[in-house]
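J.: Okay, so here is structure-v4.tsv, and as you'll see once you scroll down, it has TSV, C-alpha atoms and all ligand atoms.
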chain	number	residue	atom	x	y	z
Y	1	MET	CA	0.00	0.00	0.00
Y	2	ALA	CA	1.35	3.46	-0.92
Y	3	ASP	CA	2.21	5.77	1.94
Y	4	ILE	CA	-0.93	7.63	3.02
Y	5	GLN	CA	1.18	10.79	3.40
Y	6	ASP	CA	1.18	10.94	-0.43
Y	7	VAL	CA	-2.63	11.00	-0.67
Y	8	HIS	CA	-4.05	14.34	-1.86
Y	9	VAL	CA	-7.11	15.54	0.03
Y	10	LEU	CA	-9.30	18.43	-1.04
Y	11	VAL	CA	-10.78	20.43	1.82
Y	12	VAL	CA	-13.92	22.14	0.55
Y	13	GLY	CA	-15.68	25.06	2.25
Y	14	ASN	CA	-15.19	26.50	5.69
Y	15	LEU	CA	-14.28	23.22	7.39
Y	16	HIS	CA	-13.60	23.18	11.15
Y	17	GLU	CA	-9.89	24.00	11.66
Y	18	HIS	CA	-9.32	20.98	13.91
Y	19	ALA	CA	-10.35	18.68	11.04
Y	20	VAL	CA	-8.07	20.57	8.64
Y	21	LYS	CA	-5.17	20.30	11.10
Y	22	ARG	CA	-5.62	16.55	11.54
Y	23	LEU	CA	-5.86	16.03	7.78
Y	24	GLU	CA	-2.73	18.15	7.20
Y	25	GLU	CA	-0.85	15.97	9.72
Y	26	ASN	CA	-1.68	12.89	7.64
Y	27	PHE	CA	-2.12	13.92	3.98
Y	28	GLN	CA	-1.32	16.49	1.29
Y	29	VAL	CA	-4.13	19.01	1.71
Y	30	THR	CA	-5.43	21.59	-0.80
Y	31	ARG	CA	-8.17	24.02	0.21
Y	32	LEU	CA	-11.02	25.23	-1.99
Y	33	SER	CA	-13.68	27.69	-0.84
Y	34	LYS	CA	-16.41	25.74	-2.65
Y	35	ALA	CA	-16.81	22.63	-4.77
Y	36	ASP	CA	-16.49	24.32	-8.15
Y	37	ALA	CA	-14.59	22.35	-10.80
Y	38	SER	CA	-13.38	25.54	-12.51
Y	39	ALA	CA	-11.58	26.53	-9.27
Y	40	LEU	CA	-9.52	23.31	-9.16
Y	41	PRO	CA	-5.76	23.78	-9.56
Y	42	PRO	CA	-5.03	23.24	-13.31
Y	43	ASP	CA	-4.15	19.62	-14.27
Y	44	ASP	CA	-4.53	18.60	-10.62
Y	45	ALA	CA	-7.99	17.02	-10.68
Y	46	GLN	CA	-6.67	13.45	-11.08
Y	47	ASN	CA	-4.52	13.78	-7.93
Y	48	PHE	CA	-7.37	14.16	-5.46
Y	49	ARG	CA	-8.55	10.93	-3.84
Y	50	ALA	CA	-10.57	12.45	-1.00
Y	51	ILE	CA	-12.80	15.41	-0.20
Y	52	ALA	CA	-13.46	16.66	3.32
Y	53	ALA	CA	-16.46	18.92	2.92
Y	54	SER	CA	-18.38	21.54	4.77
Y	55	GLY	CA	-20.85	22.52	2.07
Y	56	ALA	CA	-22.28	21.26	-1.19
Y	57	VAL	CA	-20.64	18.60	-3.37
Y	58	ASP	CA	-22.69	17.96	-6.49
Y	59	ALA	CA	-22.53	15.27	-9.19
Y	60	ALA	CA	-20.53	17.50	-11.59
Y	61	PHE	CA	-17.81	18.03	-8.99
Y	62	ILE	CA	-17.66	14.31	-8.20
Y	63	ASP	CA	-17.32	13.64	-11.96
Y	64	ALA	CA	-14.52	16.22	-12.21
Y	65	LEU	CA	-12.29	14.14	-9.89
Y	66	PRO	CA	-11.57	10.84	-11.72
Y	67	ASN	CA	-9.65	9.21	-8.83
Y	68	LEU	CA	-11.97	10.30	-6.02
Y	69	GLU	CA	-12.57	7.54	-3.42
Y	70	ILE	CA	-14.23	9.23	-0.44
Y	71	ILE	CA	-16.21	12.33	0.52
Y	72	ALA	CA	-16.21	12.96	4.28
Y	73	ASN	CA	-19.09	15.30	5.11
Y	74	PHE	CA	-19.01	17.54	8.19
Y	75	GLY	CA	-22.48	16.99	9.69
Y	76	VAL	CA	-24.91	14.11	10.07
Y	77	GLY	CA	-27.24	15.66	7.47
Y	78	TYR	CA	-25.63	15.14	4.07
Y	79	ASP	CA	-28.36	16.51	1.79
Y	80	ALA	CA	-25.78	18.89	0.27
Y	81	VAL	CA	-23.72	15.94	-1.03
Y	82	ASP	CA	-24.98	13.89	-3.99
Y	83	ALA	CA	-24.53	10.60	-2.16
Y	84	GLY	CA	-26.69	8.69	-4.65
Y	85	HIS	CA	-24.39	9.69	-7.52
Y	86	ALA	CA	-21.30	8.97	-5.42
Y	87	GLY	CA	-22.64	5.50	-4.56
Y	88	LYS	CA	-23.24	4.67	-8.23
Y	89	LYS	CA	-19.67	5.71	-9.05
Y	90	GLY	CA	-18.17	3.65	-6.21
Y	91	VAL	CA	-17.26	6.72	-4.15
Y	92	MET	CA	-17.70	6.40	-0.37
Y	93	VAL	CA	-19.60	9.14	1.50
Y	94	THR	CA	-19.38	9.51	5.28
Y	95	ASN	CA	-21.20	11.76	7.78
Y	96	THR	CA	-20.89	12.53	11.50
Y	97	PRO	CA	-23.68	10.70	13.36
Y	98	ASP	CA	-23.99	10.11	17.14
Y	99	VAL	CA	-21.33	12.61	18.29
Y	100	LEU	CA	-23.84	15.47	17.90
Y	101	THR	CA	-27.06	13.68	18.90
Y	102	GLU	CA	-27.37	14.85	22.52
Y	103	GLU	CA	-26.30	18.45	21.70
Y	104	VAL	CA	-28.91	18.79	18.97
Y	105	ALA	CA	-31.60	17.25	21.18
Y	106	ASP	CA	-30.71	19.78	23.89
Y	107	THR	CA	-31.10	22.61	21.37
Y	108	ALA	CA	-34.47	21.25	20.24
Y	109	ILE	CA	-35.72	21.39	23.82
Y	110	GLY	CA	-34.39	24.93	24.20
Y	111	LEU	CA	-36.26	25.99	21.06
Y	112	LEU	CA	-39.43	24.28	22.25
Y	113	ILE	CA	-39.34	26.15	25.57
Y	114	ASN	CA	-38.40	29.44	23.88
Y	115	ALA	CA	-41.31	29.15	21.47
Y	116	THR	CA	-43.81	28.04	24.10
Y	117	ARG	CA	-42.87	30.26	27.05
Y	118	GLU	CA	-41.53	33.23	25.02
Y	119	LEU	CA	-38.23	33.31	26.93
Y	120	PRO	CA	-36.29	35.35	24.30
Y	121	LYS	CA	-39.08	37.94	24.26
Y	122	ALA	CA	-39.16	38.04	28.07
Y	123	GLU	CA	-35.39	38.62	28.16
Y	124	ASN	CA	-35.67	41.42	25.59
Y	125	TYR	CA	-38.39	42.93	27.78
Y	126	LEU	CA	-36.04	42.98	30.77
Y	127	ARG	CA	-33.11	44.40	28.74
Y	128	ALA	CA	-35.34	47.14	27.33
Y	129	GLY	CA	-36.07	48.29	30.90
Y	130	LYS	CA	-39.74	47.41	30.62
Y	131	TRP	CA	-39.82	45.32	33.80
Y	132	LYS	CA	-39.17	48.54	35.72
Y	133	SER	CA	-41.36	50.80	33.59
Y	134	ASP	CA	-44.28	48.49	32.71
Y	135	GLY	CA	-44.20	45.83	35.44
Y	136	ALA	CA	-44.12	42.04	35.12
Y	137	TYR	CA	-43.90	40.39	31.70
Y	138	PRO	CA	-47.41	39.26	30.60
Y	139	LEU	CA	-48.37	35.68	31.42
Y	140	THR	CA	-47.69	33.42	28.45
Y	141	ARG	CA	-50.58	31.78	26.66
Y	142	GLY	CA	-48.29	28.83	25.93
Y	143	SER	CA	-47.26	26.19	28.44
Y	144	LEU	CA	-45.73	22.76	28.10
Y	145	ARG	CA	-48.14	21.46	30.72
Y	146	GLY	CA	-50.74	19.13	29.24
Y	147	ARG	CA	-49.12	19.02	25.80
Y	148	LYS	CA	-48.91	16.00	23.51
Y	149	VAL	CA	-45.70	15.87	21.52
Y	150	GLY	CA	-45.23	14.34	18.07
Y	151	ILE	CA	-41.84	13.71	16.53
Y	152	PHE	CA	-41.31	13.61	12.75
Y	153	GLY	CA	-38.17	11.53	12.12
Y	154	MET	CA	-37.58	9.08	14.96
Y	155	GLY	CA	-33.89	8.45	14.28
Y	156	ARG	CA	-30.94	9.03	16.58
Y	157	ILE	CA	-31.78	12.66	17.41
Y	158	GLY	CA	-35.55	12.01	17.42
Y	159	LEU	CA	-35.06	9.32	20.08
Y	160	ALA	CA	-32.85	11.63	22.17
Y	161	ILE	CA	-35.54	14.34	22.00
Y	162	ALA	CA	-38.22	11.77	22.93
Y	163	ARG	CA	-36.26	10.75	26.05
Y	164	ARG	CA	-36.11	14.39	27.14
Y	165	ILE	CA	-39.83	14.92	26.48
Y	166	GLU	CA	-40.63	11.81	28.55
Y	167	ALA	CA	-38.66	13.32	31.44
Y	168	PHE	CA	-40.92	16.38	31.15
Y	169	GLY	CA	-43.89	14.08	31.83
Y	170	LEU	CA	-45.42	14.50	28.36
Y	171	PRO	CA	-46.66	11.74	26.03
Y	172	VAL	CA	-44.68	11.15	22.82
Y	173	SER	CA	-45.89	9.81	19.49
Y	174	TYR	CA	-44.15	9.79	16.12
Y	175	PHE	CA	-44.16	9.40	12.38
Y	176	ASN	CA	-41.15	7.81	10.73
Y	177	ARG	CA	-40.47	6.09	7.41
Y	178	SER	CA	-40.70	2.85	9.34
Y	179	ARG	CA	-41.86	1.84	12.81
Y	180	VAL	CA	-39.01	1.93	15.34
Y	181	ASP	CA	-38.38	-1.33	17.26
Y	182	GLY	CA	-38.12	-1.35	21.03
Y	183	VAL	CA	-39.94	1.90	21.80
Y	184	SER	CA	-43.39	2.27	23.34
Y	185	TYR	CA	-44.21	5.62	21.68
Y	186	GLU	CA	-47.41	5.64	19.65
Y	187	TYR	CA	-46.76	5.33	15.90
Y	188	HIS	CA	-48.78	7.16	13.23
Y	189	GLY	CA	-48.76	6.08	9.61
Y	190	SER	CA	-48.56	9.59	8.16
Y	191	LEU	CA	-47.38	13.04	9.16
Y	192	LEU	CA	-50.90	14.41	8.77
Y	193	GLU	CA	-52.30	11.75	11.11
Y	194	LEU	CA	-49.56	12.53	13.65
Y	195	ALA	CA	-50.25	16.28	13.47
Y	196	GLY	CA	-53.96	15.62	14.07
Y	197	ALA	CA	-53.19	13.59	17.19
Y	198	VAL	CA	-50.82	16.09	18.90
Y	199	ASP	CA	-50.53	19.82	19.58
Y	200	THR	CA	-46.74	20.01	19.50
Y	201	LEU	CA	-44.75	18.83	16.50
Y	202	ILE	CA	-40.96	18.53	16.48
Y	203	SER	CA	-39.40	17.86	13.08
Y	204	VAL	CA	-35.99	16.23	12.98
Y	205	ALA	CA	-36.33	14.55	9.60
Y	206	PRO	CA	-33.53	14.69	7.02
Y	207	GLY	CA	-33.77	16.83	3.89
Y	208	THR	CA	-34.57	14.46	1.03
Y	209	PRO	CA	-36.81	14.60	-2.07
Y	210	GLN	CA	-39.39	12.59	-0.07
Y	211	THR	CA	-39.47	15.02	2.88
Y	212	ALA	CA	-39.47	18.23	0.79
Y	213	LYS	CA	-42.18	20.61	2.11
Y	214	ALA	CA	-43.72	17.70	4.06
Y	215	VAL	CA	-44.78	20.13	6.78
Y	216	ASN	CA	-47.39	21.94	4.71
Y	217	ALA	CA	-50.57	23.98	5.25
Y	218	ASP	CA	-52.67	20.83	5.91
Y	219	VAL	CA	-50.24	19.52	8.54
Y	220	LEU	CA	-50.14	22.90	10.29
Y	221	LYS	CA	-53.94	23.15	10.24
Y	222	ALA	CA	-54.18	19.66	11.74
Y	223	LEU	CA	-51.85	20.76	14.56
Y	224	GLY	CA	-54.47	23.33	15.52
Y	225	PRO	CA	-54.68	26.79	17.12
Y	226	ASP	CA	-52.72	25.73	20.22
Y	227	GLY	CA	-50.10	24.16	17.97
Y	228	ILE	CA	-46.37	24.61	18.47
Y	229	PHE	CA	-44.05	23.60	15.64
Y	230	VAL	CA	-40.31	23.12	16.18
Y	231	ASN	CA	-37.88	22.42	13.35
Y	232	ILE	CA	-34.38	21.21	14.19
Y	233	GLY	CA	-34.01	18.98	11.08
Y	234	ARG	CA	-33.86	20.73	7.70
Y	235	GLY	CA	-35.60	23.83	6.36
Y	236	SER	CA	-36.42	22.06	3.10
Y	237	THR	CA	-38.91	19.83	4.95
Y	238	VAL	CA	-41.20	22.82	5.56
Y	239	ASP	CA	-43.40	24.91	3.27
Y	240	GLU	CA	-42.10	28.17	4.79
Y	241	GLU	CA	-44.72	30.32	3.08
Y	242	ALA	CA	-47.50	28.18	4.57
Y	243	LEU	CA	-45.77	28.27	7.96
Y	244	ALA	CA	-45.53	32.09	8.01
Y	245	GLN	CA	-49.18	32.28	6.98
Y	246	ALA	CA	-50.18	29.81	9.73
Y	247	LEU	CA	-48.26	31.83	12.33
Y	248	LYS	CA	-49.76	35.15	11.19
Y	249	SER	CA	-53.34	33.91	11.00
Y	250	GLY	CA	-53.30	31.99	14.28
Y	251	THR	CA	-53.70	28.61	12.56
Y	252	ILE	CA	-50.95	27.56	14.99
Y	253	MET	CA	-49.77	29.34	18.14
Y	254	ALA	CA	-46.00	29.51	17.73
Y	255	ALA	CA	-42.90	28.03	16.15
Y	256	GLY	CA	-39.24	27.49	17.01
Y	257	LEU	CA	-36.93	27.20	14.00
Y	258	ASP	CA	-33.20	26.41	13.84
Y	259	VAL	CA	-33.10	25.62	10.11
Y	260	PHE	CA	-34.32	27.30	6.93
Y	261	ALA	CA	-34.71	26.32	3.29
Y	262	ASP	CA	-32.18	28.84	1.91
Y	263	GLU	CA	-29.69	29.52	4.70
Y	264	PRO	CA	-28.54	32.07	5.71
Y	265	ASN	CA	-31.51	33.79	4.05
Y	266	VAL	CA	-34.52	33.74	6.37
Y	267	PRO	CA	-37.83	34.65	4.69
Y	268	GLN	CA	-38.99	38.15	5.61
Y	269	ALA	CA	-42.43	36.72	6.35
Y	270	LEU	CA	-40.95	34.55	9.13
Y	271	LEU	CA	-38.82	37.40	10.49
Y	272	GLU	CA	-42.03	39.40	10.87
Y	273	CYS	CA	-43.69	36.69	13.00
Y	274	GLU	CA	-43.38	37.64	16.66
Y	275	ASN	CA	-44.63	34.19	17.62
Y	276	ALA	CA	-41.60	32.53	15.99
Y	277	SER	CA	-38.36	31.93	17.90
Y	278	LEU	CA	-35.56	31.86	15.31
Y	279	LEU	CA	-32.02	30.52	15.62
Y	280	PRO	CA	-29.19	30.61	13.02
Y	281	HIS	CA	-28.69	26.81	12.65
Y	282	VAL	CA	-26.89	26.29	15.96
Y	283	GLY	CA	-28.21	22.81	16.78
Y	284	SER	CA	-24.76	21.25	17.18
Y	285	ALA	CA	-22.80	24.48	17.46
Y	286	SER	CA	-20.84	24.13	20.70
Y	287	GLN	CA	-17.04	23.98	20.67
Y	288	HIS	CA	-17.21	20.52	22.32
Y	289	THR	CA	-19.51	18.96	19.75
Y	290	ARG	CA	-18.09	20.63	16.66
Y	291	ARG	CA	-14.61	19.37	17.65
Y	292	ALA	CA	-15.97	15.84	17.99
Y	293	MET	CA	-17.54	16.17	14.53
Y	294	ALA	CA	-14.21	17.45	13.15
Y	295	ASP	CA	-12.42	14.43	14.65
Y	296	LEU	CA	-14.91	12.08	12.99
Y	297	VAL	CA	-14.44	13.74	9.57
Y	298	ALA	CA	-10.66	13.31	9.84
Y	299	GLN	CA	-10.98	9.78	11.25
Y	300	ASN	CA	-13.10	8.66	8.30
Y	301	VAL	CA	-10.45	9.77	5.79
Y	302	ILE	CA	-7.56	8.39	7.87
Y	303	SER	CA	-9.32	5.05	8.33
Y	304	TRP	CA	-10.25	4.82	4.63
Y	305	PHE	CA	-6.64	5.15	3.44
Y	306	GLY	CA	-5.05	3.46	6.48
Y	307	GLU	CA	-7.40	0.53	7.17
Y	308	GLY	CA	-9.36	0.39	3.90
Y	309	LYS	CA	-12.71	1.16	5.53
Y	310	ALA	CA	-14.82	4.14	6.53
Y	311	VAL	CA	-15.99	4.63	10.14
Y	312	THR	CA	-19.45	6.08	9.44
Y	313	PRO	CA	-20.59	5.41	5.84
Y	314	VAL	CA	-23.98	6.78	4.77
Y	315	SER	CA	-26.62	4.28	3.63
Y	316	GLU	CA	-26.30	5.12	-0.11
Y	317	THR	CA	-22.61	4.12	-0.11
Y	318	ARG	CA	-22.53	1.31	2.44
Y	319	HIS	CA	-21.78	-1.14	-0.41
Y	320	VAL	CA	-18.65	0.75	-1.50
Y	321	THR	CA	-15.35	-0.94	-0.69
Y	322	SER	CA	-11.85	0.43	-0.99
Y	323	GLY	CA	-10.43	-2.67	-2.68
Y	324	ARG	CA	-7.41	-2.52	-0.37
Y	401	LIG	P1	-31.09	9.52	11.51
Y	401	LIG	O1	-30.68	8.71	12.70
Y	401	LIG	O2	-30.71	9.02	10.15
Y	401	LIG	O3	-32.66	9.75	11.61
Y	401	LIG	C1	-33.43	10.21	10.56
Y	401	LIG	C2	-34.80	9.57	10.71
Y	401	LIG	O4	-35.67	10.14	9.74
Y	401	LIG	C3	-34.77	8.06	10.48
Y	401	LIG	O5	-35.45	7.41	11.52
Y	401	LIG	C4	-35.47	7.90	9.15
Y	401	LIG	O6	-36.23	6.72	9.03
Y	401	LIG	C5	-36.40	9.08	9.14
Y	401	LIG	N1	-36.81	9.41	7.78
Y	401	LIG	C6	-36.04	9.50	6.67
Y	401	LIG	N2	-36.79	9.79	5.60
Y	401	LIG	C7	-38.06	9.86	6.04
Y	401	LIG	C8	-39.30	10.10	5.40
Y	401	LIG	N3	-39.37	10.33	4.09
Y	401	LIG	N4	-40.42	10.08	6.15
Y	401	LIG	C9	-40.36	9.83	7.48
Y	401	LIG	N5	-39.21	9.59	8.14
Y	401	LIG	C10	-38.08	9.61	7.43
Y	401	LIG	O7	-30.47	10.98	11.59
Y	401	LIG	P2	-30.25	11.88	12.89
Y	401	LIG	O8	-28.86	11.75	13.36
Y	401	LIG	O9	-31.36	11.66	13.86
Y	401	LIG	O10	-30.39	13.33	12.20
Y	401	LIG	C11	-31.63	13.71	11.62
Y	401	LIG	C12	-31.50	14.99	10.82
Y	401	LIG	O11	-31.34	16.10	11.71
Y	401	LIG	C13	-30.27	15.08	9.91
Y	401	LIG	O12	-30.52	14.46	8.66
Y	401	LIG	C14	-30.07	16.57	9.75
Y	401	LIG	O13	-30.74	17.04	8.60
Y	401	LIG	C15	-30.72	17.15	10.99
Y	401	LIG	N6	-29.72	17.77	11.89
Y	401	LIG	C16	-29.83	19.12	12.16
Y	401	LIG	C17	-28.91	19.70	13.01
Y	401	LIG	C18	-28.99	21.17	13.36
Y	401	LIG	O14	-27.96	21.77	13.66
Y	401	LIG	N7	-30.16	21.76	13.36
Y	401	LIG	C19	-27.86	18.96	13.54
Y	401	LIG	C20	-27.79	17.61	13.23
Y	401	LIG	C21	-28.73	17.03	12.42
Y	401	LIG	P3	-35.60	5.26	8.78
Y	401	LIG	O15	-35.37	4.75	10.14
Y	401	LIG	O16	-36.64	4.53	8.03
Y	401	LIG	O17	-34.34	5.49	7.97
The structure given in the file should be rewritten as structure tokens.
Ligand code: NAP
T.:
Amino acid sequence: MADIQDVHVLVVGNLHEHAVKRLEENFQVTRLSKADASALPPDDAQNFRAIAASGAVDAAFIDALPNLEIIANFGVGYDAVDAGHAGKKGVMVTNTPDVLTEEVADTAIGLLINATRELPKAENYLRAGKWKSDGAYPLTRGSLRGRKVGIFGMGRIGLAIARRIEAFGLPVSYFNRSRVDGVSYEYHGSLLELAGAVDTLISVAPGTPQTAKAVNADVLKALGPDGIFVNIGRGSTVDEEALAQALKSGTIMAAGLDVFADEPNVPQALLECENASLLPHVGSASQHTRRAMADLVAQNVISWFGEGKAVTPVSETRHVTSGR
């Protein structure tokens, strides 16, 4: 086996510096601000055998690198990488599951409480001096007490959120592509049926063609006027226009959103909704967790060229082998 120090790795996007450092200790690293074939160093395309990516990697870019073997994605959600195309071409794709699960579940709970009990608005009230001038912050219409929580996407993070909701003393039900073994939560066969059975919906589904705009006007209507919607998964899973309309018209009570369809652009209609608590995609964004994700990105590339196998392959490329 050739020395792995000779392997050329392309770092794409604004990848966590700890991942870059670990890759530089092991490989020949070239950095590119985005995966654009025209920005590749001239005549160099055939040298690159790996991509470590924070950002989009499309089919055209994969095709532009004839000797590409692995794309290590920074993040558990890999909707920005064309993993289906990679899989067909025998290119491995990896993501960063598990190491961020508890952090993201914590953030989901924070968003849920912010949206329900208006904590960001109450803090702004204090900072604006209104506690002194106007008296106590008004009692919130929303409360977690008595709520029924539905989870859309009962995977690793969905289960971690469900455990937290259970500790709050609230019932949990869910909709997932398939029923999850070994849990007692009530299963619903469609998202619409789930929304009709609960008043609090937490979406942690991945962004895929099947989940695109799954949370639509009908789902929000089914959630009802006391409805709280939290999205910690992907913005693409929501019809944002319908959501803004539902928030403005009182079709639902409030929302907590960490993710948006066209980040970092947040629709003006959502910005105008006072009953929406909005975060700039910070689900996993602590130094602790981002470093663990960076380690896993580097470890996937190191393991691929050192041991001949990836640590955390995504389902579309699980069949891909290194041949070493
Ligand atoms: P996961 O373990 O793969 O869970 C995803 C779940 O969604 C699986 O149970 C899957 O069902 C289900 N699912 C997939 N397609 C579906 C569909 N069409 N209809 C219904 N259910 C469907 O992933 P995870 O680690 O929990 O992460 C979930 C997502 O959270 C990621 O994909 C990412 O987009 C998002 N995320 C956001 C942040 C943030 O900062 N806000 C951070 C991390 C992750 P099966 O069991 O049938 O496959």
J.: Neighbouring residues of ligand LIG 401 (chain Y) are defined here as those with any atom at most 9 Å from a ligand atom, counting all atoms listed in the file; list them as a PyMOL selection string.
T.: chain Y and resi 75-79+96-98+100-101+103-105+107-108+152-160+175-180+190-191+203-212+214+231-235+257-259+280-285+314-315
J.: Please measure the separation of CA of Lys248 in chain Y and CA of Cys273 in chain Y, giving the value in Å to one decimal.
T.: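 Atom-to-atom, CA of Lys248 in chain Y and CA of Cys273 in chain Y are spaced 6.5 Å apart.
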J.: Here's a test: counting all atoms listed in the file, identify every protein, DNA and RNA residue with an atom at most 9 Å from (-5.8, 9.7, -12.0) in the file's coordinate frame, and state them as an MDAnalysis selection string.
T.: chainID Y and resid 45:49 65:68
J.: Give me the residues near range 221-225 of chain Y as a PyMOL selection string, where near means some atom within 10 Å (using only C-alpha atoms) and where sequence neighbours in that chain fewer than 5 positions away do not count.
T.: chain Y and resi 150+191-201+216+242-243+246-247+249-254
J.: Point out the residue among Y:Arg164, Y:Leu119, Y:Ala50, Y:Leu220 with the least atom-to-atom distance to Asp106 in chain Y, counting all atoms listed in the file.
T.: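 Going through Y:Arg164, Y:Leu119, Y:Ala50, Y:Leu220 one by one, the smallest distance to Asp106 in chain Y is for Y:Arg164.
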J.: Would you compute the distance between CA of Asn26 in chain Y and CA of His288 in chain Y? Give it in Å to one decimal.
T.: 22.7 Å
J.: For CA of Glu118 in chain Y and CA of Gln287 in chain Y, quote the distance in Å rounded to one decimal.
T.: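 Atom-to-atom, CA of Glu118 in chain Y and CA of Gln287 in chain Y are spaced 26.5 Å apart.
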J.: When you look at Arg147 in chain Y with a cut-off of 12 Å (counting all atoms listed in the file), what residues show up, excluding the ones that are within fewer than 4 positions of it in the same chain? I need them as number ranges by chain.
T.: Y: 112, 116, 142-143, 165-166, 168-173, 197-201, 223, 226-228
J.: If you count all atoms listed in the file, which residues fall within 10 Å of Pro267 in chain Y, apart from same-chain ones fewer than 6 positions away, as a CSV table (one decimal) with C-alpha atoms, keeping the file's coordinate frame?
T.:
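New file result-v2.csv:
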chain,number,residue,atom,x,y,z
Y,240,GLU,CA,-42.1,28.2,4.8
Y,241,GLU,CA,-44.7,30.3,3.1
Y,244,ALA,CA,-45.5,32.1,8.0
Y,260,PHE,CA,-34.3,27.3,6.9
Y,261,ALA,CA,-34.7,26.3,3.3
J.: Determine, counting only C-alpha atoms, every residue of protein, DNA or RNA that lies within 10 Å of (-8.5, 9.1, 0.2) in the file coordinates, then give the result as a PDB file with C-alpha atoms, keeping the file's coordinate frame.
T.:
ATOM      1  CA  ILE Y   4      -0.930   7.630   3.020  1.00  0.00           C
ATOM      2  CA  ASP Y   6       1.180  10.940  -0.430  1.00  0.00           C
ATOM      3  CA  VAL Y   7      -2.630  11.000  -0.670  1.00  0.00           C
ATOM      4  CA  HIS Y   8      -4.050  14.340  -1.860  1.00  0.00           C
ATOM      5  CA  VAL Y   9      -7.110  15.540   0.030  1.00  0.00           C
ATOM      6  CA  LEU Y  10      -9.300  18.430  -1.040  1.00  0.00           C
ATOM      7  CA  PHE Y  27      -2.120  13.920   3.980  1.00  0.00           C
ATOM      8  CA  PHE Y  48      -7.370  14.160  -5.460  1.00  0.00           C
ATOM      9  CA  ARG Y  49      -8.550  10.930  -3.840  1.00  0.00           C
ATOM     10  CA  ALA Y  50     -10.570  12.450  -1.000  1.00  0.00           C
ATOM     11  CA  ILE Y  51     -12.800  15.410  -0.200  1.00  0.00           C
ATOM     12  CA  ALA Y  52     -13.460  16.660   3.320  1.00  0.00           C
ATOM     13  CA  ASN Y  67      -9.650   9.210  -8.830  1.00  0.00           C
ATOM     14  CA  LEU Y  68     -11.970  10.300  -6.020  1.00  0.00           C
ATOM     15  CA  GLU Y  69     -12.570   7.540  -3.420  1.00  0.00           C
ATOM     16  CA  ILE Y  70     -14.230   9.230  -0.440  1.00  0.00           C
ATOM     17  CA  ILE Y  71     -16.210  12.330   0.520  1.00  0.00           C
ATOM     18  CA  ALA Y  72     -16.210  12.960   4.280  1.00  0.00           C
ATOM     19  CA  MET Y  92     -17.700   6.400  -0.370  1.00  0.00           C
ATOM     20  CA  ASN Y 300     -13.100   8.660   8.300  1.00  0.00           C
ATOM     21  CA  VAL Y 301     -10.450   9.770   5.790  1.00  0.00           C
ATOM     22  CA  ILE Y 302      -7.560   8.390   7.870  1.00  0.00           C
ATOM     23  CA  SER Y 303      -9.320   5.050   8.330  1.00  0.00           C
ATOM     24  CA  TRP Y 304     -10.250   4.820   4.630  1.00  0.00           C
ATOM     25  CA  PHE Y 305      -6.640   5.150   3.440  1.00  0.00           C
ATOM     26  CA  GLY Y 306      -5.050   3.460   6.480  1.00  0.00           C
ATOM     27  CA  GLY Y 308      -9.360   0.390   3.900  1.00  0.00           C
ATOM     28  CA  SER Y 322     -11.850   0.430  -0.990  1.00  0.00           C
TER      29      SER Y 322
END
